[in-house]
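Pasting model03.cif here (mmCIF, C-alpha atoms and all ligand atoms):
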data_my_file
#
loop_
_atom_site.label_atom_id
_atom_site.label_comp_id
_atom_site.auth_asym_id
_atom_site.auth_seq_id
_atom_site.Cartn_x
_atom_site.Cartn_y
_atom_site.Cartn_z
CA MET X 1 31.02 -14.94 48.82
CA LYS X 2 31.39 -17.16 45.74
CA PRO X 3 28.17 -18.57 44.25
CA ARG X 4 27.42 -22.15 45.25
CA ILE X 5 27.70 -24.68 42.44
CA ALA X 6 26.14 -28.16 42.40
CA PHE X 7 27.45 -30.74 39.94
CA ILE X 8 25.04 -33.50 39.00
CA GLY X 9 27.28 -36.29 37.70
CA SER X 10 30.90 -36.42 38.86
CA GLY X 11 32.70 -38.06 35.93
CA ASN X 12 35.58 -36.82 33.77
CA MET X 13 34.14 -33.50 32.71
CA ALA X 14 32.75 -32.54 36.14
CA ARG X 15 36.08 -33.43 37.77
CA SER X 16 37.98 -31.24 35.32
CA LEU X 17 35.61 -28.32 35.98
CA ILE X 18 35.88 -28.77 39.75
CA GLY X 19 39.69 -28.92 39.47
CA GLY X 20 39.77 -25.79 37.29
CA LEU X 21 37.51 -23.83 39.65
CA ILE X 22 39.59 -24.77 42.69
CA VAL X 23 42.81 -23.70 40.91
CA ASP X 24 40.98 -20.43 40.05
CA GLY X 25 40.42 -19.81 43.75
CA TRP X 26 36.88 -21.08 44.30
CA PRO X 27 36.66 -22.55 47.81
CA ALA X 28 35.93 -26.30 47.66
CA SER X 29 33.27 -25.69 50.31
CA SER X 30 31.22 -23.69 47.77
CA LEU X 31 31.09 -26.71 45.45
CA CYS X 32 28.97 -29.83 45.84
CA ALA X 33 28.99 -32.92 43.60
CA SER X 34 26.63 -35.85 43.37
CA ASP X 35 27.04 -39.27 41.77
CA PRO X 36 25.41 -42.64 42.46
CA ASP X 37 28.79 -44.34 41.82
CA ALA X 38 30.68 -44.68 45.12
CA GLN X 39 34.01 -44.94 43.31
CA GLN X 40 33.48 -41.59 41.58
CA ARG X 41 32.63 -39.98 44.93
CA GLN X 42 35.73 -41.54 46.47
CA HIS X 43 37.91 -40.11 43.66
CA LEU X 44 36.62 -36.64 44.41
CA LEU X 45 37.15 -36.87 48.17
CA GLU X 46 40.66 -38.25 47.82
CA ARG X 47 41.61 -35.25 45.69
CA TRP X 48 39.57 -32.53 47.44
CA PRO X 49 38.67 -33.63 51.00
CA GLU X 50 36.75 -30.39 51.73
CA LEU X 51 34.39 -30.88 48.79
CA ARG X 52 30.77 -31.65 49.63
CA VAL X 53 29.97 -34.99 48.00
CA THR X 54 26.70 -36.92 47.99
CA ALA X 55 24.90 -39.81 46.30
CA ASN X 56 21.70 -37.79 46.32
CA ASN X 57 21.10 -35.24 43.53
CA GLU X 58 18.45 -33.45 45.57
CA THR X 59 20.91 -32.93 48.44
CA ALA X 60 23.51 -31.48 46.05
CA LEU X 61 20.94 -29.04 44.71
CA ASP X 62 20.10 -27.66 48.15
CA GLN X 63 20.96 -23.92 48.20
CA ALA X 64 22.86 -24.06 44.89
CA ASP X 65 23.07 -20.91 42.76
CA VAL X 66 24.16 -22.94 39.74
CA LEU X 67 23.20 -26.48 38.79
CA VAL X 68 25.74 -28.03 36.42
CA LEU X 69 24.32 -30.99 34.50
CA ALA X 70 27.36 -33.20 33.82
CA ILE X 71 25.60 -36.49 33.16
CA LYS X 72 25.33 -38.47 29.92
CA PRO X 73 22.67 -37.19 27.48
CA GLN X 74 20.78 -40.49 27.69
CA VAL X 75 20.01 -40.09 31.42
CA MET X 76 19.28 -36.34 31.32
CA ALA X 77 15.47 -36.67 31.34
CA GLU X 78 15.35 -39.27 34.13
CA VAL X 79 17.75 -37.17 36.26
CA CYS X 80 15.97 -33.84 35.64
CA LEU X 81 12.34 -34.86 36.07
CA PRO X 82 12.55 -35.72 39.82
CA LEU X 83 14.51 -32.50 40.50
CA ALA X 84 11.84 -30.21 39.00
CA LYS X 85 10.06 -29.39 42.26
CA THR X 86 13.21 -28.27 44.12
CA VAL X 87 14.58 -26.47 41.06
CA GLN X 88 11.34 -24.51 40.70
CA LYS X 89 11.56 -23.51 44.37
CA ASN X 90 15.26 -22.45 44.31
CA ARG X 91 15.50 -21.37 40.62
CA PRO X 92 19.28 -21.78 40.17
CA LEU X 93 21.02 -21.09 36.86
CA ILE X 94 21.02 -24.35 34.89
CA LEU X 95 24.29 -25.06 33.07
CA SER X 96 24.35 -28.14 30.84
CA ILE X 97 27.53 -29.56 29.31
CA ALA X 98 25.73 -32.50 27.67
CA ALA X 99 26.05 -33.12 23.93
CA GLY X 100 22.85 -33.15 21.86
CA VAL X 101 20.31 -32.12 24.52
CA ARG X 102 18.40 -28.92 23.74
CA SER X 103 17.90 -26.14 26.32
CA ALA X 104 14.14 -26.19 25.75
CA ASP X 105 13.97 -29.89 26.69
CA ILE X 106 16.08 -29.40 29.83
CA ASP X 107 13.88 -26.45 30.78
CA ARG X 108 10.71 -28.51 30.20
CA TRP X 109 11.99 -31.49 32.26
CA LEU X 110 12.86 -29.11 35.12
CA GLY X 111 9.42 -27.45 35.14
CA GLY X 112 9.89 -24.51 32.75
CA GLN X 113 10.70 -20.77 32.73
CA LEU X 114 14.28 -21.34 33.94
CA ALA X 115 17.57 -19.63 33.07
CA VAL X 116 19.43 -22.25 31.00
CA VAL X 117 22.92 -22.05 29.54
CA ARG X 118 23.85 -24.90 27.22
CA SER X 119 27.51 -25.47 26.54
CA MET X 120 29.75 -27.77 24.53
CA PRO X 121 33.22 -28.20 26.06
CA ASN X 122 35.83 -30.76 24.92
CA THR X 123 38.18 -33.19 26.64
CA PRO X 124 41.30 -30.97 26.58
CA ALA X 125 39.39 -29.32 29.46
CA LEU X 126 40.92 -32.18 31.48
CA VAL X 127 44.29 -30.42 31.15
CA GLY X 128 42.97 -26.85 31.31
CA SER X 129 43.07 -26.33 27.52
CA GLY X 130 39.41 -26.82 26.65
CA ALA X 131 37.44 -24.93 24.02
CA THR X 132 33.78 -24.36 24.88
CA GLY X 133 30.85 -22.95 22.92
CA LEU X 134 27.94 -21.54 24.94
CA VAL X 135 24.38 -20.34 24.29
CA ARG X 136 21.89 -18.86 26.73
CA ASN X 137 18.11 -18.73 26.70
CA THR X 138 16.17 -15.51 27.21
CA GLN X 139 15.80 -16.07 30.98
CA VAL X 140 19.56 -15.83 31.60
CA THR X 141 20.60 -12.48 33.07
CA ASP X 142 23.92 -10.83 32.18
CA ALA X 143 25.25 -11.68 35.65
CA GLN X 144 24.32 -15.36 35.12
CA ARG X 145 25.95 -15.26 31.68
CA ASP X 146 29.19 -14.05 33.30
CA LEU X 147 28.89 -16.72 35.98
CA ALA X 148 28.48 -19.53 33.41
CA GLU X 149 31.43 -18.15 31.48
CA SER X 150 33.65 -18.02 34.56
CA ILE X 151 32.91 -21.70 35.25
CA LEU X 152 33.89 -22.88 31.76
CA ARG X 153 36.80 -20.40 31.57
CA ALA X 154 38.33 -22.28 34.49
CA VAL X 155 39.19 -25.07 32.03
CA GLY X 156 40.03 -23.15 28.85
CA MET X 157 38.65 -20.62 26.35
CA THR X 158 34.97 -19.86 25.75
CA VAL X 159 32.95 -18.48 22.87
CA TRP X 160 29.27 -17.41 22.95
CA LEU X 161 26.86 -18.11 20.09
CA ASP X 162 23.54 -16.39 19.40
CA ASP X 163 21.81 -19.36 17.88
CA GLU X 164 21.48 -22.73 19.64
CA THR X 165 21.46 -24.67 16.36
CA LEU X 166 25.11 -23.54 15.89
CA LEU X 167 26.03 -25.58 18.96
CA ASP X 168 25.69 -28.69 16.78
CA ALA X 169 28.39 -27.22 14.53
CA VAL X 170 30.54 -26.53 17.62
CA THR X 171 29.99 -30.15 18.70
CA ALA X 172 31.15 -31.30 15.24
CA LEU X 173 34.21 -29.04 15.22
CA SER X 174 35.63 -28.72 18.74
CA GLY X 175 33.50 -31.16 20.79
CA SER X 176 34.43 -34.16 18.62
CA GLY X 177 37.53 -32.42 17.22
CA PRO X 178 40.09 -33.88 19.64
CA ALA X 179 39.24 -37.33 18.20
CA TYR X 180 40.07 -36.15 14.65
CA VAL X 181 43.41 -34.82 15.89
CA PHE X 182 44.15 -38.09 17.72
CA LEU X 183 43.35 -39.98 14.50
CA PHE X 184 45.73 -37.67 12.62
CA ILE X 185 48.46 -38.34 15.22
CA GLU X 186 47.89 -42.12 14.92
CA ALA X 187 48.09 -41.89 11.11
CA LEU X 188 51.28 -39.77 11.19
CA GLN X 189 52.84 -42.27 13.57
CA GLU X 190 51.87 -45.27 11.41
CA ALA X 191 53.18 -43.56 8.27
CA GLY X 192 56.49 -42.80 10.05
CA ILE X 193 56.83 -46.48 11.04
CA GLU X 194 56.14 -47.46 7.40
CA LEU X 195 59.11 -45.29 6.45
CA GLY X 196 61.34 -47.21 8.86
CA LEU X 197 61.27 -45.12 12.06
CA PRO X 198 61.22 -47.00 15.40
CA PRO X 199 57.61 -46.88 16.80
CA GLU X 200 58.51 -44.81 19.90
CA THR X 201 60.41 -42.30 17.79
CA ALA X 202 57.55 -42.02 15.29
CA ALA X 203 55.05 -41.56 18.15
CA LEU X 204 57.10 -38.86 19.84
CA LEU X 205 57.78 -36.95 16.61
CA ALA X 206 54.10 -37.11 15.57
CA LEU X 207 52.89 -35.88 18.96
CA GLU X 208 55.42 -33.08 19.35
CA THR X 209 54.79 -31.93 15.77
CA VAL X 210 51.05 -31.55 16.40
CA PHE X 211 51.66 -29.86 19.76
CA GLY X 212 54.33 -27.53 18.36
CA ALA X 213 52.27 -26.60 15.30
CA ALA X 214 49.20 -25.81 17.45
CA LYS X 215 51.33 -23.73 19.86
CA LEU X 216 52.92 -21.83 16.97
CA ALA X 217 49.53 -21.21 15.35
CA LEU X 218 48.17 -19.89 18.66
CA GLU X 219 51.13 -17.59 19.30
CA ALA X 220 51.97 -16.39 15.76
CA ASP X 221 50.47 -13.31 14.09
CA GLU X 222 49.90 -15.25 10.88
CA ASP X 223 46.94 -17.54 10.19
CA ALA X 224 47.23 -21.30 9.59
CA GLY X 225 47.33 -20.88 5.80
CA GLN X 226 50.26 -18.44 6.02
CA LEU X 227 52.11 -20.67 8.48
CA ARG X 228 51.62 -23.61 6.09
CA GLN X 229 53.14 -21.55 3.26
CA ARG X 230 56.18 -20.88 5.44
CA VAL X 231 56.86 -24.63 5.80
CA THR X 232 56.28 -25.22 2.10
CA SER X 233 59.46 -24.37 0.20
CA PRO X 234 58.90 -24.14 -3.58
CA GLY X 235 60.07 -27.38 -5.15
CA GLY X 236 60.66 -28.91 -1.71
CA THR X 237 59.36 -31.91 0.24
CA THR X 238 56.27 -30.36 1.87
CA GLU X 239 54.91 -29.19 -1.48
CA ARG X 240 54.88 -32.81 -2.70
CA ALA X 241 53.11 -34.07 0.44
CA ILE X 242 50.52 -31.26 0.48
CA ALA X 243 49.74 -31.91 -3.20
CA VAL X 244 48.96 -35.55 -2.32
CA LEU X 245 46.69 -34.49 0.58
CA GLU X 246 44.82 -31.88 -1.52
CA LYS X 247 44.46 -34.27 -4.48
CA GLY X 248 43.22 -36.98 -2.11
CA GLY X 249 40.45 -34.63 -0.96
CA LEU X 250 41.43 -33.95 2.66
CA ARG X 251 39.41 -30.69 2.79
CA PRO X 252 36.12 -32.04 1.35
CA LEU X 253 36.57 -35.20 3.43
CA LEU X 254 36.82 -33.15 6.64
CA ALA X 255 33.85 -31.04 5.56
CA LYS X 256 31.85 -34.25 5.06
CA ALA X 257 32.96 -35.65 8.43
CA LEU X 258 31.92 -32.49 10.29
CA ALA X 259 28.58 -32.36 8.47
CA SER X 260 27.91 -35.99 9.53
CA ALA X 261 28.76 -35.19 13.16
CA LYS X 262 26.51 -32.11 13.08
CA ASP X 263 23.62 -34.12 11.61
CA ARG X 264 24.09 -36.77 14.31
CA ALA X 265 23.95 -34.10 17.04
CA GLY X 266 20.61 -32.92 15.64
CA GLU X 267 19.30 -36.51 15.43
CA LEU X 268 20.28 -37.19 19.06
CA ALA X 269 18.59 -33.99 20.23
CA ASP X 270 15.39 -34.93 18.32
CA GLN X 271 15.43 -38.42 19.84
CA LEU X 272 16.07 -37.24 23.42
CA GLY X 273 13.56 -34.40 23.04
CA ARG X 274 10.78 -36.93 22.52
CA GLN X 275 11.18 -38.14 26.14
N1 LIG X 301 33.68 -36.76 26.70
C1 LIG X 301 33.62 -35.75 25.86
O1 LIG X 301 34.39 -35.60 24.88
C2 LIG X 301 32.63 -34.68 26.11
C3 LIG X 301 31.55 -34.88 26.93
N2 LIG X 301 30.62 -33.93 27.09
C4 LIG X 301 29.42 -34.17 27.89
O2 LIG X 301 29.75 -34.19 29.26
C5 LIG X 301 28.82 -35.01 29.95
C6 LIG X 301 29.57 -35.89 30.92
O3 LIG X 301 30.52 -36.63 30.20
P1 LIG X 301 31.74 -37.38 30.94
O4 LIG X 301 32.14 -36.61 32.15
O5 LIG X 301 32.72 -37.65 29.86
O6 LIG X 301 31.00 -38.73 31.38
P2 LIG X 301 31.32 -39.69 32.63
O7 LIG X 301 30.68 -40.99 32.28
O8 LIG X 301 32.74 -39.65 32.98
O9 LIG X 301 30.48 -39.00 33.82
C7 LIG X 301 29.10 -39.09 33.97
C8 LIG X 301 28.83 -39.38 35.44
O10 LIG X 301 27.41 -39.33 35.66
C9 LIG X 301 27.14 -40.26 36.69
N3 LIG X 301 25.71 -40.55 36.74
C10 LIG X 301 25.03 -41.56 36.11
N4 LIG X 301 23.73 -41.54 36.47
C11 LIG X 301 23.58 -40.49 37.33
C12 LIG X 301 22.48 -39.96 38.07
N5 LIG X 301 21.26 -40.50 37.95
N6 LIG X 301 22.68 -38.89 38.86
C13 LIG X 301 23.91 -38.34 38.98
N7 LIG X 301 25.01 -38.80 38.32
C14 LIG X 301 24.83 -39.86 37.51
C15 LIG X 301 27.99 -41.45 36.34
O11 LIG X 301 28.16 -42.32 37.48
C16 LIG X 301 29.28 -40.76 35.90
O12 LIG X 301 30.19 -40.63 36.98
C17 LIG X 301 28.05 -35.78 28.88
O13 LIG X 301 26.76 -35.27 28.77
C18 LIG X 301 28.81 -35.52 27.59
O14 LIG X 301 27.95 -35.41 26.48
C19 LIG X 301 30.75 -32.70 26.52
C20 LIG X 301 31.80 -32.42 25.73
C21 LIG X 301 32.84 -33.39 25.43
O1 LIG X 302 30.93 -38.21 20.66
C1 LIG X 302 30.08 -37.57 21.33
O2 LIG X 302 28.86 -37.77 21.14
C2 LIG X 302 30.50 -36.54 22.35
C3 LIG X 302 30.12 -35.16 21.95
C4 LIG X 302 31.39 -34.41 21.78
C5 LIG X 302 32.42 -35.35 22.13
N1 LIG X 302 31.94 -36.50 22.49
#
What does this structure look like when you write it as structure tokens?
Ligand SMILES: NC(=O)C1=CN([C@@H]2O[C@H](COP(=O)(O)OP(=O)(O)OC[C@H]3O[C@@H](n4cnc5c(N)ncnc54)[C@H](O)[C@@H]3O)[C@@H](O)[C@H]2O)C=CC1
Ligand SMILES: O=C(O)[C@@H]1CCC=N1
Amino acid sequence: MKPRIAFIGSGNMARSLIGGLIVDGWPASSLCASDPDAQQRQHLLERWPELRVTANNETALDQADVLVLAIKPQVMAEVCLPLAKTVQKNRPLILSIAAGVRSADIDRWLGGQLAVVRSMPNTPALVGSGATGLVRNTQVTDAQRDLAESILRAVGMTVWLDDETLLDAVTALSGSGPAYVFLFIEALQEAGIELGLPPETAALLALETVFGAAKLALEADEDAGQLRQRVTSPGGTTERAIAVLEKGGLRPLLAKALASAKDRAGELADQLGRQ
């Protein structure tokens, strides 16, 4: 029998995980989701009528082997504290997908000495192409590690880290990363329009270029630097454009952006940890 999973919070990320698990063959009856928002519960039931859905977090937790915390970081403490008694009785694996909330704080709010996996997925999980970093605390058994991995694997690739502080770097790179890529697509599109392309054409070319380049980089034997060289003919057009990007400081600018995101993740965790 598949382990029973309770989702606390049934928004975008929880829905994508539930969808991925069901596609992977998990019976909907082994999953339960809670959310105080009736519309969110309705969404779930329309899509998966056999899913167990409730407004009550405590009810969702009943008999769960895994408790997935899929709520916003800001409400984590107020959601966890009232669940501590039941969690301490049942002792499920705790799996958090929240940005900037440390495992030790989640463990403390839920009464302590629990197996906690903290993860950082990203929104491409909504289409099954997520990238997730995970860390586990010392209470997590190897079987629970595999279980956490199989849940996140249902929506994309996973990578384990030994050190929880590195999860802030993962948040900066792949957690926030889709937004940098969307900004890049917007900028490509705007630049194409500047050069006279019709907006729809510029949008389509920008999007397909980013998609095609990512697909090629995933499938090719060469790394991104080598693939870039292949596009860049000596004395050609790409060489001119790349020179402008390098001279304009694209690499140090991205390094600075990621460092700011990482610092912010640490700040948020410090703030929330004081609750
Ligand atoms: N959006 C993103 O790019 C990423 C988000 N995350 C994390 O995933 C978590 C969920 O994010 P989303 O699904 O995007 O948010 P969302 O806003 O779509 O979902 C959160 C859900 O929690 C529900 N909720 C609020 N109070 C609750 C309570 N007391 N008990 C139970 N449920 C409650 C809300 O009604 C909502 O449906 C967040 O912690 C976020 O940091 C992680 C990686 C990427
Ligand atoms: O912007 C944020 O804080 C969250 C974390 C990763 C993506 N979105």
What is the CA of Gln144 (chain X)-CA of Ser119 (chain X) distance in Å, reported with one decimal?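 CA of Ser119 (chain X) lies 13.6 Å from CA of Gln144 (chain X).
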Identify, on the basis of all atoms listed in the file, every residue whose closest approach to Ile18 (chain X) does not exceed 10 Å; exclude the query and any residue fewer than 2 positions from it along the same chain; express the result as an MDAnalysis selection string. chainID X and resid 5 7 10 13:16 20:24 26 28 31:33 44 48 51 151 154:155
Produce a file of the selected residues containing C-alpha atoms, as a compact mmCIF listing (two decimals), in the frame of the given file.
# COMPACT_ATOMS: atom_id res chain seq x y z
CA ILE X 5 27.70 -24.68 42.44
CA PHE X 7 27.45 -30.74 39.94
CA SER X 10 30.90 -36.42 38.86
CA MET X 13 34.14 -33.50 32.71
CA ALA X 14 32.75 -32.54 36.14
CA ARG X 15 36.08 -33.43 37.77
CA SER X 16 37.98 -31.24 35.32
CA GLY X 20 39.77 -25.79 37.29
CA LEU X 21 37.51 -23.83 39.65
CA ILE X 22 39.59 -24.77 42.69
CA VAL X 23 42.81 -23.70 40.91
CA ASP X 24 40.98 -20.43 40.05
CA TRP X 26 36.88 -21.08 44.30
CA ALA X 28 35.93 -26.30 47.66
CA LEU X 31 31.09 -26.71 45.45
CA CYS X 32 28.97 -29.83 45.84
CA ALA X 33 28.99 -32.92 43.60
CA LEU X 44 36.62 -36.64 44.41
CA TRP X 48 39.57 -32.53 47.44
CA LEU X 51 34.39 -30.88 48.79
CA ILE X 151 32.91 -21.70 35.25
CA ALA X 154 38.33 -22.28 34.49
CA VAL X 155 39.19 -25.07 32.03
Write out, as a tab-separated table, each residue of chain X that has an atom at most 6 Å from ligand LIG 301 (chain X), together with the closest pair of atoms and their distance in Å to one decimal, counting all atoms listed in the file, rows going by chain and rising number.
residue	atom	partner	partner_atom	distance
X:Ile8	CA	X:LIG301	C13	5.0
X:Gly9	CA	X:LIG301	N7	3.4
X:Ser10	CA	X:LIG301	O12	4.7
X:Gly11	CA	X:LIG301	O9	3.2
X:Asn12	CA	X:LIG301	O4	3.8
X:Met13	CA	X:LIG301	O4	3.7
X:Ala14	CA	X:LIG301	O4	5.7
X:Ser34	CA	X:LIG301	C13	5.7
X:Asp35	CA	X:LIG301	N7	4.0
X:Pro36	CA	X:LIG301	N7	5.7
X:Asp37	CA	X:LIG301	O11	4.8
X:Gln40	CA	X:LIG301	O12	5.7
X:Ala70	CA	X:LIG301	C5	4.5
X:Ile71	CA	X:LIG301	O10	4.2
X:Lys72	CA	X:LIG301	O13	3.7
X:Pro73	CA	X:LIG301	O13	4.7
X:Val79	CA	X:LIG301	N5	5.1
X:Ile97	CA	X:LIG301	O2	5.1
X:Ala98	CA	X:LIG301	O13	3.2
X:Ala99	CA	X:LIG301	O14	3.9
X:Met120	CA	X:LIG301	C20	5.2
X:Pro121	CA	X:LIG301	C20	4.5
X:Asn122	CA	X:LIG301	C21	4.0
X:Thr123	CA	X:LIG301	O1	4.8
X:Gly175	CA	X:LIG301	C21	5.2
Output as lines of an AutoDock Vina configuration file the centre and edge lengths (Å, one decimal) of the box along x, y and z of the file that holds every listed atom of region 121-129 of chain X after adding 4 Å on each side.
center_x = 38.8
center_y = -29.8
center_z = 28.2
size_x = 19.1
size_y = 14.9
size_z = 14.6
For the point (18.5, -36.9, 45.0) in the file's frame, write as a PyMOL selection string all residues with an atom no more than 9 Å away, counting all atoms listed in the file. chain X and resi 34+54-61+79+82-83
For ligand LIG 302 (chain X), which residue out of X:Pro199, X:Gly266, X:Gly249, X:Gly235 is the nearest one, using all atoms listed in the file? X:Gly266
At what distance in Å, to one decimal, does CA of Ala265 (chain X) lie from CA of Phe184 (chain X)? 22.5 Å
Work out how far CA of Asp163 (chain X) is from CA of Leu268 (chain X), in Å to one decimal.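 A separation of 17.9 Å between them.
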Neighbouring residues of Leu227 (chain X) were defined as those with any atom within 12 Å, considering only C-alpha atoms; residues of the same chain fewer than 3 positions away were excluded. Please report them as a ChimeraX atom specification. /X:213-224,230-233
Keeping C-alpha atoms for every residue in the selection just given, could you write it to a file as a PDB file, keeping the file's coordinate frame?
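selection.pdb written:
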ATOM      1  CA  ALA X 213      52.270 -26.600  15.300  1.00  0.00           C
ATOM      2  CA  ALA X 214      49.200 -25.810  17.450  1.00  0.00           C
ATOM      3  CA  LYS X 215      51.330 -23.730  19.860  1.00  0.00           C
ATOM      4  CA  LEU X 216      52.920 -21.830  16.970  1.00  0.00           C
ATOM      5  CA  ALA X 217      49.530 -21.210  15.350  1.00  0.00           C
ATOM      6  CA  LEU X 218      48.170 -19.890  18.660  1.00  0.00           C
ATOM      7  CA  GLU X 219      51.130 -17.590  19.300  1.00  0.00           C
ATOM      8  CA  ALA X 220      51.970 -16.390  15.760  1.00  0.00           C
ATOM      9  CA  ASP X 221      50.470 -13.310  14.090  1.00  0.00           C
ATOM     10  CA  GLU X 222      49.900 -15.250  10.880  1.00  0.00           C
ATOM     11  CA  ASP X 223      46.940 -17.540  10.190  1.00  0.00           C
ATOM     12  CA  ALA X 224      47.230 -21.300   9.590  1.00  0.00           C
ATOM     13  CA  ARG X 230      56.180 -20.880   5.440  1.00  0.00           C
ATOM     14  CA  VAL X 231      56.860 -24.630   5.800  1.00  0.00           C
ATOM     15  CA  THR X 232      56.280 -25.220   2.100  1.00  0.00           C
ATOM     16  CA  SER X 233      59.460 -24.370   0.200  1.00  0.00           C
TER      17      SER X 233
END
Spatial neighbours of Met157 (chain X), max dist 7 Å, all atoms listed in the file, sep filter under 6 positions, as JSON, numbers by chain: {"X": [130, 131, 132]}
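Nearest residue to ligand LIG 302 (chain X), choosing from X:Gln113, X:Ser176, X:Thr165, X:Ser29 and counting only C-alpha atoms and all ligand atoms: X:Ser176.
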Nearest candidate to ligand LIG 302 (chain X) (options X:Gly177, X:Gly112, X:Gly25, X:Gly248; using only C-alpha atoms and all ligand atoms): X:Gly177
